[in-house]
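**Student:** Just dropping this structure here.
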Amino acid sequence: MARPEQVLLLEPQHELRFRGPFTDVVTTTLKLANPTDRNVCFKVKTTAPRRYCVRPNSGVIDAGTSINVSVMLQPFDYDPNEKSKHKFMVQSLLAPPDMTDTEGVWKDAKPEDLMDSKLRCVFDMPAENEKTHEMESNKISASLSKSESSTLSMKSMASSLDDGEVKKIMEECKRLQTEVQRLREENKQIREDDGLRMRKSTAMTAPHSSSAMRVKEEGLSTRVIALIVLFFVVGVIVGKLAL
């Protein structure tokens with residue numbers, strides 16, 4: 001017995017496209033719409049469950065409403081020569097009016113009650129020039145947004161200050177400049193005083209050194225005279241003993 005036709009409207013209808021590079025998670029959206037007057041249970045299945053994360057992967061779509069399903073492809077090493085064989089299937093069935101247990105409804109469902117739609121996965125890798133263009137566009141957008149935010153912050157700051165506050169800020173800047181100039185002058189004066197003190201110390205050290213030399217020379221002359229007198233006295237005594 002042939003399966004009934006799918007009551008859900010899928011967007012896209014036949015394939016899920018994932019745009020690289022695939023060095024990070026790539027997400028595409030599958031929209032499921034229920035145009036009927038009854039609630040519809042659904043499940044989203046894939047032939048490669050380890051490669052995809054699907055949120056939500058099951059649930060109930062109320063009559064006349066729709067739901068967006070996020071299909072997240074996990075990072076992998078892309079090989080352009082390898083064709084994707086991954087497929088998705090959206091399975092659905094009409095919910096009974098007195099439904100309380102969704103899993104029970106799926107278990108009790110007959111094969112002829114199930115409806116399904118299949119989608120294949122397509123991987124698009126942008127060319128080098130397209131990637132470069134995208135990177136440049138992202139950089140330009142980031143710089144423009146940064147510039148706009150800076151301009152807005154300056155404008156908001158300027159608008160939040162009245163004339164009195166601006167005048168106070170200007171006066172504070174002038175006072176700080178004057179204080180810096182005063183500190184510079186004090187530093188210069190301290191340097192000049194240190195230089196003068198060093199010159200005076202040098203001048204006072206020189207006479208002290210010359211006087212020390214003179215005292216040393218006088219001490220040497222006195223010792224020489226004492227030795228001469230001592231030798232003279234010893235000579236006299238030796239002479240008297242010899243006589």
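To be explicit about the labels: the chains of the structure tokens are called A, B, and onward in the order shown, and within each one the residues are counted from 1, while ligands get numbers from 1 in the order they are shown.
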Within 7 Å of segment 16-26 of chain A, counting only C-alpha atoms, which residues qualify if same-chain residues fewer than 6 places away don't, as a ChimeraX atom specification?

**Tutor:** /A:72-76,78,119-126

**Student:** Restrict the selected residues to C-alpha atoms and save them as a PDB file, in the first residue's frame.

**Tutor:**
```pdb
ATOM      1  CA  MET A  72      24.207  21.977  12.266  1.00  0.00           C
ATOM      2  CA  LEU A  73      26.992  20.311  10.304  1.00  0.00           C
ATOM      3  CA  GLN A  74      30.001  19.539  12.487  1.00  0.00           C
ATOM      4  CA  PRO A  75      33.535  20.595  11.323  1.00  0.00           C
ATOM      5  CA  PHE A  76      35.348  18.179   8.992  1.00  0.00           C
ATOM      6  CA  TYR A  78      36.418  18.897   3.100  1.00  0.00           C
ATOM      7  CA  LEU A 119      16.345  15.732   1.251  1.00  0.00           C
ATOM      8  CA  ARG A 120      19.941  15.373   0.119  1.00  0.00           C
ATOM      9  CA  CYS A 121      22.873  17.369   1.500  1.00  0.00           C
ATOM     10  CA  VAL A 122      24.939  19.636  -0.733  1.00  0.00           C
ATOM     11  CA  PHE A 123      28.288  21.147   0.279  1.00  0.00           C
ATOM     12  CA  ASP A 124      29.290  24.456  -1.321  1.00  0.00           C
ATOM     13  CA  MET A 125      32.903  25.563  -0.989  1.00  0.00           C
ATOM     14  CA  PRO A 126      33.386  29.241  -2.014  1.00  0.00           C
TER      15      PRO A 126
END
```

**Student:** Would you pick out the contacts of segment 88-104 of chain A at 6 Å or less, using only C-alpha atoms, so that residues sharing its chain but fewer than 4 positions from it are not included, and give the list as a list in words?

**Tutor:**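 My list of contacting residues is Asn39, Val40, Cys41, Phe42, Lys43, Val44, Lys45, Thr46, Leu114, Met115, Asp116, Ser117, Lys118 and Leu119 of chain A.
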
**Student:** Just write the chosen residues, C-alpha atoms, as a PDB file, in the first residue's frame.

**Tutor:**
```pdb
ATOM      1  CA  ASN A  39      -1.764  18.846  14.728  1.00  0.00           C
ATOM      2  CA  VAL A  40       1.064  16.926  13.088  1.00  0.00           C
ATOM      3  CA  CYS A  41       3.850  14.970  14.774  1.00  0.00           C
ATOM      4  CA  PHE A  42       7.234  15.043  13.067  1.00  0.00           C
ATOM      5  CA  LYS A  43      10.717  13.554  13.282  1.00  0.00           C
ATOM      6  CA  VAL A  44      13.896  14.566  11.450  1.00  0.00           C
ATOM      7  CA  LYS A  45      16.328  11.728  10.730  1.00  0.00           C
ATOM      8  CA  THR A  46      19.680  11.545   8.928  1.00  0.00           C
ATOM      9  CA  LEU A 114       3.415   7.579   8.127  1.00  0.00           C
ATOM     10  CA  MET A 115       4.398  10.304   5.678  1.00  0.00           C
ATOM     11  CA  ASP A 116       7.965  11.165   4.761  1.00  0.00           C
ATOM     12  CA  SER A 117      10.042  13.509   2.622  1.00  0.00           C
ATOM     13  CA  LYS A 118      13.702  13.062   1.734  1.00  0.00           C
ATOM     14  CA  LEU A 119      16.345  15.732   1.251  1.00  0.00           C
TER      15      LEU A 119
END
```

**Student:** So which residues of segment 20-107 of chain A fall under alpha helix (DSSP H) by DSSP, listed as number ranges by chain?

**Tutor:** A: 102-107

**Student:** Could you write out the selected residues, including N, CA, C and O atoms, as an mmCIF file, in the first residue's frame?

**Tutor:**
```cif
data_model
loop_
_atom_site.group_PDB
_atom_site.id
_atom_site.type_symbol
_atom_site.label_atom_id
_atom_site.label_comp_id
_atom_site.auth_asym_id
_atom_site.auth_seq_id
_atom_site.Cartn_x
_atom_site.Cartn_y
_atom_site.Cartn_z
ATOM 1 N N THR A 102 3.382 11.391 22.935
ATOM 2 C CA THR A 102 3.858 11.452 21.545
ATOM 3 C C THR A 102 4.585 10.175 21.149
ATOM 4 O O THR A 102 4.362 9.631 20.056
ATOM 5 N N GLU A 103 5.448 9.676 22.017
ATOM 6 C CA GLU A 103 6.192 8.456 21.703
ATOM 7 C C GLU A 103 5.244 7.276 21.532
ATOM 8 O O GLU A 103 5.460 6.398 20.684
ATOM 9 N N GLY A 104 4.194 7.229 22.338
ATOM 10 C CA GLY A 104 3.216 6.161 22.195
ATOM 11 C C GLY A 104 2.508 6.207 20.856
ATOM 12 O O GLY A 104 2.206 5.162 20.260
ATOM 13 N N VAL A 105 2.269 7.441 20.369
ATOM 14 C CA VAL A 105 1.626 7.596 19.066
ATOM 15 C C VAL A 105 2.513 7.040 17.966
ATOM 16 O O VAL A 105 2.054 6.340 17.054
ATOM 17 N N TRP A 106 3.821 7.308 18.047
ATOM 18 C CA TRP A 106 4.756 6.792 17.044
ATOM 19 C C TRP A 106 4.838 5.267 17.095
ATOM 20 O O TRP A 106 4.916 4.595 16.053
ATOM 21 N N LYS A 107 4.824 4.710 18.306
ATOM 22 C CA LYS A 107 4.921 3.253 18.432
ATOM 23 C C LYS A 107 3.673 2.560 17.883
ATOM 24 O O LYS A 107 3.753 1.482 17.282
#
```

**Student:** In Å, how far is it from atom CA of Asn34 of chain A to atom CA of Val7 of chain A?

**Tutor:**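 Result for atom CA of Asn34 of chain A versus atom CA of Val7 of chain A: 7.0 Å, one decimal.
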
**Student:** Lys31 of chain A: which residues within 8 Å, counting only C-alpha atoms, same-chain residues fewer than 6 positions away excluded, as a compact mmCIF listing (two decimals) with N, CA, C and O atoms, in the first residue's frame?

**Tutor:**
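What landed in part07.txt:
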```
# COMPACT_ATOMS: atom_id res chain seq x y z
N LEU A 9 4.70 21.19 4.61
CA LEU A 9 5.37 21.92 3.55
C LEU A 9 6.80 22.18 3.99
O LEU A 9 7.04 22.80 5.04
N LEU A 10 7.77 21.72 3.20
CA LEU A 10 9.18 21.85 3.55
C LEU A 10 9.82 22.98 2.76
O LEU A 10 9.55 23.16 1.56
N GLU A 11 10.67 23.73 3.43
CA GLU A 11 11.44 24.79 2.77
C GLU A 11 12.86 24.77 3.33
O GLU A 11 13.06 25.10 4.51
N PRO A 12 13.82 24.34 2.50
CA PRO A 12 13.75 23.91 1.09
C PRO A 12 13.08 22.54 0.94
O PRO A 12 12.97 21.80 1.91
N SER A 66 4.01 26.86 11.88
CA SER A 66 5.25 26.32 11.29
C SER A 66 6.34 26.31 12.36
O SER A 66 6.20 26.94 13.42
N ILE A 67 7.44 25.66 12.05
CA ILE A 67 8.57 25.57 12.97
C ILE A 67 9.86 25.55 12.15
O ILE A 67 9.89 25.03 11.02
N ASN A 68 10.90 26.16 12.72
CA ASN A 68 12.21 26.15 12.08
C ASN A 68 13.11 25.14 12.77
O ASN A 68 13.27 25.16 13.99
N VAL A 69 13.70 24.26 11.97
CA VAL A 69 14.61 23.24 12.47
C VAL A 69 16.04 23.63 12.07
O VAL A 69 16.32 23.86 10.89
```

**Student:** Work out how far atom CA of Thr36 of chain A is from atom CA of Ala63 of chain A, in Å to one decimal.

**Tutor:**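 It comes out at 5.6 Å.
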
**Student:** What gap, in Å, lies between atom CA of Gln189 of chain A and atom CA of Met170 of chain A?

**Tutor:**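 Computing the Euclidean distance for atom CA of Gln189 of chain A and atom CA of Met170 of chain A yields 29.1 Å.
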
**Student:** For Thr65 of chain A, work out the shell of residues within 8 Å, counting only C-alpha atoms and skipping chain neighbours fewer than 3 positions away, then give it as a PyMOL selection string.

**Tutor:** chain A and resi 33-35+61-62

**Student:** Take the residues that were just selected and, keeping C-alpha atoms, output them as a PDB file, in the first residue's frame.

**Tutor:**
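So part-v5.pdb came out as:
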```pdb
ATOM      1  CA  ALA A  33       4.831  24.306   7.931  1.00  0.00           C
ATOM      2  CA  ASN A  34       1.541  22.627   8.810  1.00  0.00           C
ATOM      3  CA  PRO A  35      -1.252  23.933   6.549  1.00  0.00           C
ATOM      4  CA  ILE A  61       3.401  21.272  14.887  1.00  0.00           C
ATOM      5  CA  ASP A  62       0.077  22.839  15.696  1.00  0.00           C
TER       6      ASP A  62
END
```
